[in-house]
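**Q** What follows is a single structure, and I will ask about it in a moment.
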There are 4 protein chains.
Amino acid sequence: MGPMGKHPSANKLKIINDPVYGFIKIPFPLVYDLIARPEFQRLRRIRQLGLTNYVYPGANHSRFQHAIGAMHLMQEAIKVIRSRGHEISTEEAEAVTLAILLHDIGHGPFSHSLENSLIRDTSHEEISLMYMESLNEQFQGALDTAICIFKNEYPKHFLHQLVSSQLDMDRLDYLKRDSFFTGVTEGVIGSDRIIKMLNVVDDSLVVDQKGIYSIENFLIARRLMYWQVYLHRTVVGAEQVLLTMLKRARELYALGDRIFATPALSYFLEEVPGRFQKKNQDEFLCWFTLLDDNDILASAKVWCNHSDKVLSLLADGLVNRSLFTVQLEEKPVEEERMNIMRKLVADHLDITEKEAASLVISESVSNYAYSDLDDRISIMDKNGQIRDITEASDMLSLEVLSKNIQKHFLCHPRFLDELMVKNK
Amino acid sequence: MGPMGKHPSANKLKIINDPVYGFIKIPFPLVYDLIARPEFQRLRRIRQLGLTNYVYPGANHSRFQHAIGAMHLMQEAIKVIRSRGHEISTEEAEAVTLAILLHDIGHGPFSHSLENSLIRDTSHEEISLMYMESLNEQFQGALDTAICIFKNEYPKHFLHQLVSSQLDMDRLDYLKRDSFFTGVTEGVIGSDRIIKMLNVVDDSLVVDQKGIYSIENFLIARRLMYWQVYLHRTVVGAEQVLLTMLKRARELYALGDRIFATPALSYFLEEVPGRFQKKNQDEFLCWFTLLDDNDILASAKVWCNHSDKVLSLLADGLVNRSLFTVQLEEKPVEEERMNIMRKLVADHLDITEKEAASLVISESVSNYAYSDLDDRISIMDKNGQIRDITEASDMLSLEVLSKNIQKHFLCHPRFLDELMVKNK
Amino acid sequence: MGPMGKHPSANKLKIINDPVYGFIKIPFPLVYDLIARPEFQRLRRIRQLGLTNYVYPGANHSRFQHAIGAMHLMQEAIKVIRSRGHEISTEEAEAVTLAILLHDIGHGPFSHSLENSLIRDTSHEEISLMYMESLNEQFQGALDTAICIFKNEYPKHFLHQLVSSQLDMDRLDYLKRDSFFTGVTEGVIGSDRIIKMLNVVDDSLVVDQKGIYSIENFLIARRLMYWQVYLHRTVVGAEQVLLTMLKRARELYALGDRIFATPALSYFLEEVPGRFQKKNQDEFLCWFTLLDDNDILASAKVWCNHSDKVLSLLADGLVNRSLFTVQLEEKPVEEERMNIMRKLVADHLDITEKEAASLVISESVSNYAYSDLDDRISIMDKNGQIRDITEASDMLSLEVLSKNIQKHFLCHPRFLDELMVKNK
Amino acid sequence: MGPMGKHPSANKLKIINDPVYGFIKIPFPLVYDLIARPEFQRLRRIRQLGLTNYVYPGANHSRFQHAIGAMHLMQEAIKVIRSRGHEISTEEAEAVTLAILLHDIGHGPFSHSLENSLIRDTSHEEISLMYMESLNEQFQGALDTAICIFKNEYPKHFLHQLVSSQLDMDRLDYLKRDSFFTGVTEGVIGSDRIIKMLNVVDDSLVVDQKGIYSIENFLIARRLMYWQVYLHRTVVGAEQVLLTMLKRARELYALGDRIFATPALSYFLEEVPGRFQKKNQDEFLCWFTLLDDNDILASAKVWCNHSDKVLSLLADGLVNRSLFTVQLEEKPVEEERMNIMRKLVADHLDITEKEAASLVISESVSNYAYSDLDDRISIMDKNGQIRDITEASDMLSLEVLSKNIQKHFLCHPRFLDELMVKNK
């Protein structure tokens, strides 16, 4: 008997208690069945904000909570759009709900932190799609329309926009949720007010003119959350430690040192040609489903005492929050300065300069508040005319908003601070 | 025995329960005594947001609550500034606390709504100062320093800035409080985070660089609150009805029609030369202390049935929220169009066109997010360099922020809509 | 054209912003029309918690807000009960919504404070009913079913229970709302959880067994709110001052002293035989609609300077919060002690002992947490068996819960404290 | 250089952002140093509420957050008690702060879930004490007084009560915090109001009479949280699955099957005589510090595919939330009924009845609201007389409150439901 057969559907419209929205109702029996799958339950074991809890201790919420929250907002959006006279059939409502529910299912451990690291050349969106296709087989094609919407191949374009655009239910949930759990209350956005202002014109999502101030606030609050939370220098530094640690672990693996790792992590540390190719998709997903925050932390704790000094230093940094010093730089650090620091580190730890290179990290992060290349945010005035938010708002200038702000960081072990002082 | 002698001072450090901040402690015995004065108790009977409750029913909070809240934030600011190594003596702390406590004591009924109406040529700040001087006499000079700070004549300039500037405790409280009571949660600002970032350089308040995003958010949230709440067109329309009603009442008074009014309102409806002059200040304050929201509403209810059609129409509009139609216009309405409408109104109500003139109102409101003419918001970077927020932020452009945004409204009785349609 | 004809019904399903629940939708066009009536708008001018803001300054919320909130909870309850398989027709849903919306429309100034004072021998429920009948006429019988439900004459008994019982939407709203605005956060109840547990058995409301702990919490939180807020001794004292002041005003009226009063208050101060009899109902309602908090406060401010010492002392107490001393007594104060105090007051103020009698007040208040005489709270276990909450709960004992707790207070002017000390 | 020498102490009075209380200040440099220790950082990796997130997805908060929160409340309590005139020296304030900070440091994975399981015969309090002694050595005796207070050997008895009693800062934080993160808002308690009511008489904590209703509410809210959250049958069922799984893992280890486990978990799965004895304390703590939620989950994921059917069934239940059916029973299930079920399970899985025994679990949990055997809650009336809360409250009866409520559960794999039906 397949997963759909387990429970009579009447019992599946359960209610979930959420500290952000209160009660959330499961809107379709199929949603219940998908949530029950191991592929989805795994999201309970992945922190929504990776290592952010090192700065904001409240930020321990999971991807599971976010997916459920975005699903809830989708129900509100469907109600509003229908009330404006636009048809969304029950089948479409279910499909767009499934699409948002599963949109992030392909996230790896610590969410964004490990993209392009453990899993090379494959974005979390691609993995989400693989999962959706795999689940679609298990559920005999019940996700066909959801996948269509997710891939933006469904005729009603606006349904895709609800799942992925600059004003999708993903962002409306995560900004509100992350603000709640970090305690950065001023980052809160008016998700509900924005949703109440949604409409559809020419198959595209638009926002009523009355919502301009809410959108301005949304863009600025998002910017606040990026620099104050997501790209906080201590968080960025912690992620660098994590990434560098895993890179070192892979190097040791490649050198034949089979350091301790849980089986799932071990699979991803090994360099096996073709491992992440299409033909091996089933095997890949099978292991990926077993991989989460626990594997990294459980393994890193063992590495704290490994004889490789680079690995143990990084693992200790991660596990015991003896994090690296992170300082903001005006521009990328010059090679010469890097070399001096690497040499000091190498001497101090008695390792090669090449090994030391991975302990002195120059990194930059960037963010823009709004992009006109992306799916734009459109405002509809009372005459039905559509304008881009940057034109409709007398406050926001596209030029300024779409500027790609870049920040440069220098991360290195704490002891280097003292060595630098002595060295002067 | 003077008011200070009433209670032993130990009992005066009471705790007040505030839904916004939790427990608020009365920090000085003198604060307790001032709160107990009729001049201050009167603030309980003045709504902080005037007629805003016609749009946001939760907005019934009083000026009393706001004054207590701003006083509370002042204590936090004092603590932070002291912790940065800047001296604030106990006497100065008390004085700056009294200054913020009393900064708005001169507000008339419905707060801003009646400035320059009932009381001509006298701003609420001037009346606040009169009150402070009068209380200073009652308390034998105990408010000397507070008045000095309020008037910006005290050597430590930054103390005045805490009371009145673009980042004063007044704004930090009212934005947070108004957001709370209206339910416009996304208007919330990070008062506490901003206060934690305060510092003093060259006798001026500055904000630590880390606070840039909080300040950006503060300016944009303030803008949201202005257009979404304070200058909401229905609120603006209601205020016009209120103002026009009182103007009509004064006209009738001038014509010898002693319409019903409470004694305090009656005093302000009468045109008596010299009434508001300095030499009559004591009499003025005495009557002003007796005037609040209740006088206006109690009198307006009687006016609903007055034979003067203009007065009764306006009073009914105010009392029963049969508010005027308010529509947004691209520019000020042309005289010709105004005349057509006035004529229609005059005919319909069988009144003169001159009388009808006060029922068709063209009004404009304006707001800017930040002004460089005002006391600026200064940011201090990690090297101690000071820059204006519009330079320090890569997001905010002074040019855009300081733009004076103007909106034009046309308000008129509802029945005119139908007349206009027929008239076409 | 009647009031129903004013607006096309599509525009009436508006959304109201509420700080407690977020967005509240107006569920039926008729609700919109009723809210727009002067009889209902008047609730904006009546504080939900009377003089409680003298202790909890945040408690300025209005009866209007509460009525809208209870209406909102009713929609949730209707949804839940329907989902359990019990039919509620659209007409019934509208009727029960109207019944809860109007259930408190008969409240006088300061809500409960003036029951049995200004209006003798008529409870607020009776006045609510008069209003409903009057509105029913205006709306051509559209409130027939609502009235039926309100009077508990409708066949589906459980609909009446949603409006009036120990677990009605009235209580579920006011406890949550009063907790929010006073800042007594621990008084919060799980309105939404309780509503989710509702069911109907044998035409009576029952609560699912899983809800037992929520009900226990509800009863104890309600008790907390009673003693900590509603019956706080300072609040009780302030209400005594208010009541006594109005009693004195009536006495002066009866003696022919036409003290200042707004016309509406004046109507209720006069003793005119038959004024409150059924045959004069229209006139009564007409004046009652004009009476609210503003009339009392506007008049009391004038009375502060009246030559009658009793009236002016009481008015000053009310207006300027120079409230009476209120102390808790083990039992009602003995007549002898009362007489001593009255004599001291009479001497001090140079008034007669009879006059002084109204300034030394012995009062008692009482409350019980749960009554088995009232409509009980029934719990349904998983076998469908029904038990009273006091039997189903292993915590609550009926004997204890239904105990009528009485507290005795002695209120008198502050100066009496000093006189008593000297007199010892 | 010891851990205290790392940072200059001025930089250690940092501020932590907490979603429950806002900003929390680190009150003493030593607190900063202790938080930085691996022994304390480990609390970041232990969920405060074990497996409760399977029912309340928001409940992912860590022991780290709780310890910081309790430390914050302690500062408030110290301020209040000092303001009552009771001396608490700076040294004592630091010590009682350290005691509350470390009071729970001995918790194992999933908090209470694994007490008396992985670690036999040693309570988490005992391990906390071991840690405190070990840290005391590292910090050259700086924790002497803290340990004295923790063990209740310090002369000022009330300091111990702030750390451990029926009204300690531990409970005041966890009830508030767990209510916040689970979304069970009605479980919220008035921590701040209760703290404001604290006083000391005869070296014992007492609560002012005004606080009676807050205490009643606290006891009932605590009861609600116990039955609705901590002892929710699904949570209890999940914990049984976890416990039984680890028991099975130990059995397999004992049989020589070295199933996969992280090194730290492996240490605790092995039965080595004397391992947990005093003399091996250092080794024990060293391994215990490495053990947290991650080890259990990382290992359980591997066990899902183990050939031992009992282990893999339980591991799958835990990892994928394919939890056992949990039903409430009137009394402990009779042995005969248990045997029937075990036989069915054995047949179905083709395992021995002995093995099946661990899959059909009869468990009971119990709770009382208040105990007079424990450190009582004392109320002080206005005459300074002390009574137990159950005497002072007219609501709470000691007899009822101290009743030990027991609930019996039957847990078994889901498939048994179907087998039972067929078997009838």
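FYI, nothing fancy with the structure tokens labels: chains A, B, ... in order, residues from 1 per chain, ligands from 1 as they appear.
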Tell me, counting only C-alpha atoms, for each residue of chain B within 7 Å of chain C, which pair of atoms is nearest and how far apart they are in Å to one decimal, in rows ordered by chain and increasing number, as JSON lines.

**A**
{"residue": "B:Asn17", "atom": "CA", "partner": "C:Tyr56", "partner_atom": "CA", "distance": 6.0}
{"residue": "B:Asp18", "atom": "CA", "partner": "C:Gly183", "partner_atom": "CA", "distance": 5.6}
{"residue": "B:Pro19", "atom": "CA", "partner": "C:Gly183", "partner_atom": "CA", "distance": 3.9}
{"residue": "B:Gly22", "atom": "CA", "partner": "C:Gly183", "partner_atom": "CA", "distance": 6.7}
{"residue": "B:Pro38", "atom": "CA", "partner": "C:Asn320", "partner_atom": "CA", "distance": 5.2}
{"residue": "B:Gln41", "atom": "CA", "partner": "C:Asn320", "partner_atom": "CA", "distance": 5.9}
{"residue": "B:Tyr56", "atom": "CA", "partner": "C:Asn17", "partner_atom": "CA", "distance": 6.0}
{"residue": "B:Pro57", "atom": "CA", "partner": "C:Gln65", "partner_atom": "CA", "distance": 6.3}
{"residue": "B:Gly58", "atom": "CA", "partner": "C:Asp18", "partner_atom": "CA", "distance": 6.3}
{"residue": "B:Asn60", "atom": "CA", "partner": "C:Asn60", "partner_atom": "CA", "distance": 5.8}
{"residue": "B:His61", "atom": "CA", "partner": "C:Asn60", "partner_atom": "CA", "distance": 6.0}
{"residue": "B:Gln65", "atom": "CA", "partner": "C:Pro57", "partner_atom": "CA", "distance": 6.3}
{"residue": "B:Phe180", "atom": "CA", "partner": "C:Pro19", "partner_atom": "CA", "distance": 6.8}
{"residue": "B:Phe181", "atom": "CA", "partner": "C:Pro19", "partner_atom": "CA", "distance": 6.0}
{"residue": "B:Thr182", "atom": "CA", "partner": "C:Pro19", "partner_atom": "CA", "distance": 6.1}
{"residue": "B:Gly183", "atom": "CA", "partner": "C:Pro19", "partner_atom": "CA", "distance": 3.9}
{"residue": "B:Thr262", "atom": "CA", "partner": "C:Ala298", "partner_atom": "CA", "distance": 7.0}
{"residue": "B:Leu290", "atom": "CA", "partner": "C:Lys301", "partner_atom": "CA", "distance": 6.7}
{"residue": "B:Asn294", "atom": "CA", "partner": "C:Asn294", "partner_atom": "CA", "distance": 4.5}
{"residue": "B:Asp295", "atom": "CA", "partner": "C:Ala298", "partner_atom": "CA", "distance": 5.5}
{"residue": "B:Leu297", "atom": "CA", "partner": "C:Asn294", "partner_atom": "CA", "distance": 6.6}
{"residue": "B:Ala298", "atom": "CA", "partner": "C:Asn294", "partner_atom": "CA", "distance": 5.6}
{"residue": "B:Lys301", "atom": "CA", "partner": "C:Leu290", "partner_atom": "CA", "distance": 6.7}
{"residue": "B:Asn320", "atom": "CA", "partner": "C:Pro38", "partner_atom": "CA", "distance": 5.2}

**Q** Using only C-alpha atoms, which residues sit within 10 Å of Ile88 in chain A once same-chain residues fewer than 3 positions away are excluded, as a list in words?

**A**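 Those residues are Ile78, Lys79, Ile81, Arg82, Gly85, Glu91, Glu92, Ala93, Glu94, Val96, Lys156 and Leu159 of chain A.
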
**Q** Residues within 10 Å of range 304-310 of chain B, please, as a VMD selection string. Count only C-alpha atoms; anything in the same chain fewer than 6 positions from it doesn't count.

**A** chain B and resid 244 to 245 248 to 249 252 259 to 260 316 to 320 349 to 351 355 to 359

**Q** Tell me, in Å to one decimal, how far CA of Val241 in chain B is from CA of Phe110 in chain B.

**A**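 Pair CA of Val241 in chain B / CA of Phe110 in chain B returns 12.9 Å.
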
**Q** I need the residues in range 194-317 of chain C that are helix (DSSP H, G or I) according to DSSP; give them as number ranges by chain.

**A** C: 194-196, 209-230, 233-254, 263-269, 278-289, 293-303, 309-317

**Q** Rounded to one decimal in Å, what is the spacing between CA of Glu418 in chain D and CA of Pro27 in chain A?

**A**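 Result for CA of Glu418 in chain D versus CA of Pro27 in chain A: 27.0 Å, one decimal.
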
**Q** Between C:Val400, C:Val333, C:Met130, C:Leu73, which is the closest to Ile194 in chain C once you count only C-alpha atoms?

**A**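 Looking at the shortest contact to Ile194 in chain C, the residue is C:Leu73.
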
**Q** At a cut-off of 12 Å, using only C-alpha atoms, what residues contact range 273-275 of chain C? Leave out same-chain residues fewer than 5 positions from it and give the result as a PDB file with N, CA, C and O atoms, in the first residue's frame.

**A**
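This went into part_17.pdb:
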ATOM      1  N   ILE C 119     -29.363  55.152  35.224  1.00  0.00           N
ATOM      2  CA  ILE C 119     -30.568  54.503  34.719  1.00  0.00           C
ATOM      3  C   ILE C 119     -31.011  53.497  35.776  1.00  0.00           C
ATOM      4  O   ILE C 119     -30.351  52.489  36.024  1.00  0.00           O
ATOM      5  N   ARG C 120     -32.134  53.814  36.390  1.00  0.00           N
ATOM      6  CA  ARG C 120     -32.621  52.971  37.485  1.00  0.00           C
ATOM      7  C   ARG C 120     -33.459  51.804  36.955  1.00  0.00           C
ATOM      8  O   ARG C 120     -34.205  51.958  36.003  1.00  0.00           O
ATOM      9  N   ASP C 121     -33.289  50.705  37.598  1.00  0.00           N
ATOM     10  CA  ASP C 121     -34.186  49.570  37.373  1.00  0.00           C
ATOM     11  C   ASP C 121     -34.161  49.032  35.951  1.00  0.00           C
ATOM     12  O   ASP C 121     -35.115  48.357  35.528  1.00  0.00           O
ATOM     13  N   THR C 122     -33.153  49.375  35.225  1.00  0.00           N
ATOM     14  CA  THR C 122     -33.087  48.837  33.872  1.00  0.00           C
ATOM     15  C   THR C 122     -31.655  48.374  33.616  1.00  0.00           C
ATOM     16  O   THR C 122     -30.727  49.165  33.705  1.00  0.00           O
ATOM     17  N   TYR C 267     -31.037  65.226  31.107  1.00  0.00           N
ATOM     18  CA  TYR C 267     -32.236  64.395  30.975  1.00  0.00           C
ATOM     19  C   TYR C 267     -32.247  63.272  32.011  1.00  0.00           C
ATOM     20  O   TYR C 267     -33.273  62.961  32.608  1.00  0.00           O
ATOM     21  N   PHE C 268     -31.075  62.692  32.231  1.00  0.00           N
ATOM     22  CA  PHE C 268     -31.015  61.554  33.142  1.00  0.00           C
ATOM     23  C   PHE C 268     -30.855  61.971  34.602  1.00  0.00           C
ATOM     24  O   PHE C 268     -31.041  61.166  35.502  1.00  0.00           O
ATOM     25  N   ASN C 280     -42.464  55.314  27.064  1.00  0.00           N
ATOM     26  CA  ASN C 280     -41.575  56.399  26.669  1.00  0.00           C
ATOM     27  C   ASN C 280     -40.271  55.885  26.052  1.00  0.00           C
ATOM     28  O   ASN C 280     -39.280  56.592  25.975  1.00  0.00           O
ATOM     29  N   GLN C 281     -40.325  54.646  25.595  1.00  0.00           N
ATOM     30  CA  GLN C 281     -39.104  53.991  25.140  1.00  0.00           C
ATOM     31  C   GLN C 281     -38.381  54.754  24.024  1.00  0.00           C
ATOM     32  O   GLN C 281     -37.155  54.870  24.047  1.00  0.00           O
ATOM     33  N   ASP C 282     -39.133  55.273  23.075  1.00  0.00           N
ATOM     34  CA  ASP C 282     -38.483  55.966  21.957  1.00  0.00           C
ATOM     35  C   ASP C 282     -37.717  57.195  22.432  1.00  0.00           C
ATOM     36  O   ASP C 282     -36.557  57.408  22.053  1.00  0.00           O
ATOM     37  N   GLU C 283     -38.382  57.977  23.273  1.00  0.00           N
ATOM     38  CA  GLU C 283     -37.713  59.157  23.809  1.00  0.00           C
ATOM     39  C   GLU C 283     -36.479  58.746  24.608  1.00  0.00           C
ATOM     40  O   GLU C 283     -35.412  59.336  24.469  1.00  0.00           O
ATOM     41  N   PHE C 284     -36.664  57.720  25.433  1.00  0.00           N
ATOM     42  CA  PHE C 284     -35.556  57.232  26.245  1.00  0.00           C
ATOM     43  C   PHE C 284     -34.354  56.867  25.384  1.00  0.00           C
ATOM     44  O   PHE C 284     -33.230  57.307  25.617  1.00  0.00           O
ATOM     45  N   LEU C 285     -34.579  56.055  24.355  1.00  0.00           N
ATOM     46  CA  LEU C 285     -33.464  55.611  23.507  1.00  0.00           C
ATOM     47  C   LEU C 285     -32.808  56.784  22.804  1.00  0.00           C
ATOM     48  O   LEU C 285     -31.589  56.837  22.638  1.00  0.00           O
ATOM     49  N   TRP C 287     -32.452  59.845  23.822  1.00  0.00           N
ATOM     50  CA  TRP C 287     -31.528  60.520  24.736  1.00  0.00           C
ATOM     51  C   TRP C 287     -30.360  59.629  25.118  1.00  0.00           C
ATOM     52  O   TRP C 287     -29.224  60.075  25.250  1.00  0.00           O
ATOM     53  N   PHE C 288     -30.665  58.372  25.294  1.00  0.00           N
ATOM     54  CA  PHE C 288     -29.601  57.443  25.715  1.00  0.00           C
ATOM     55  C   PHE C 288     -28.498  57.375  24.653  1.00  0.00           C
ATOM     56  O   PHE C 288     -27.313  57.277  24.966  1.00  0.00           O
TER      57      PHE C 288
END

**Q** In Å, rounded to a single decimal, give me how far CA of Arg414 in chain A is from CA of Ala315 in chain A.

**A**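 Straight-line distance from CA of Ala315 in chain A to CA of Arg414 in chain A works out to 14.3 Å.
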
**Q** Need to verify the contact set: Arg223 in chain C, 9 Å, only C-alpha atoms, exclusion of same-chain residues closer than 6 positions in sequence. Can you return it as a list of chain:residue names?

**A**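 Counting only C-alpha atoms, the residues come to C:Gly187, C:Asn367, C:Tyr368, C:Ala369, D:Tyr213, D:Asn217.
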
**Q** Name the residues of range 175-419 of chain B that come out as strand (DSSP E) in a backbone DSSP run; write them as number ranges by chain.

**A** B: 198-201, 204-208, 325-329, 361-367, 378-380, 386-388, 405-412

**Q** Which residues come within 9 Å of range 336-348 of chain B, counting only C-alpha atoms, excluding same-chain residues fewer than 4 positions away, as a list in words?

**A**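 Residues near the query, excluding close chain neighbours: Thr352, Glu353, Lys354, Glu355, Ala356, Ala357, Ser358, Leu359, Val360, Ile361, Ser362, His412, Pro413, Phe415, Leu416, Leu419, Met420 and Asn423 of chain B.
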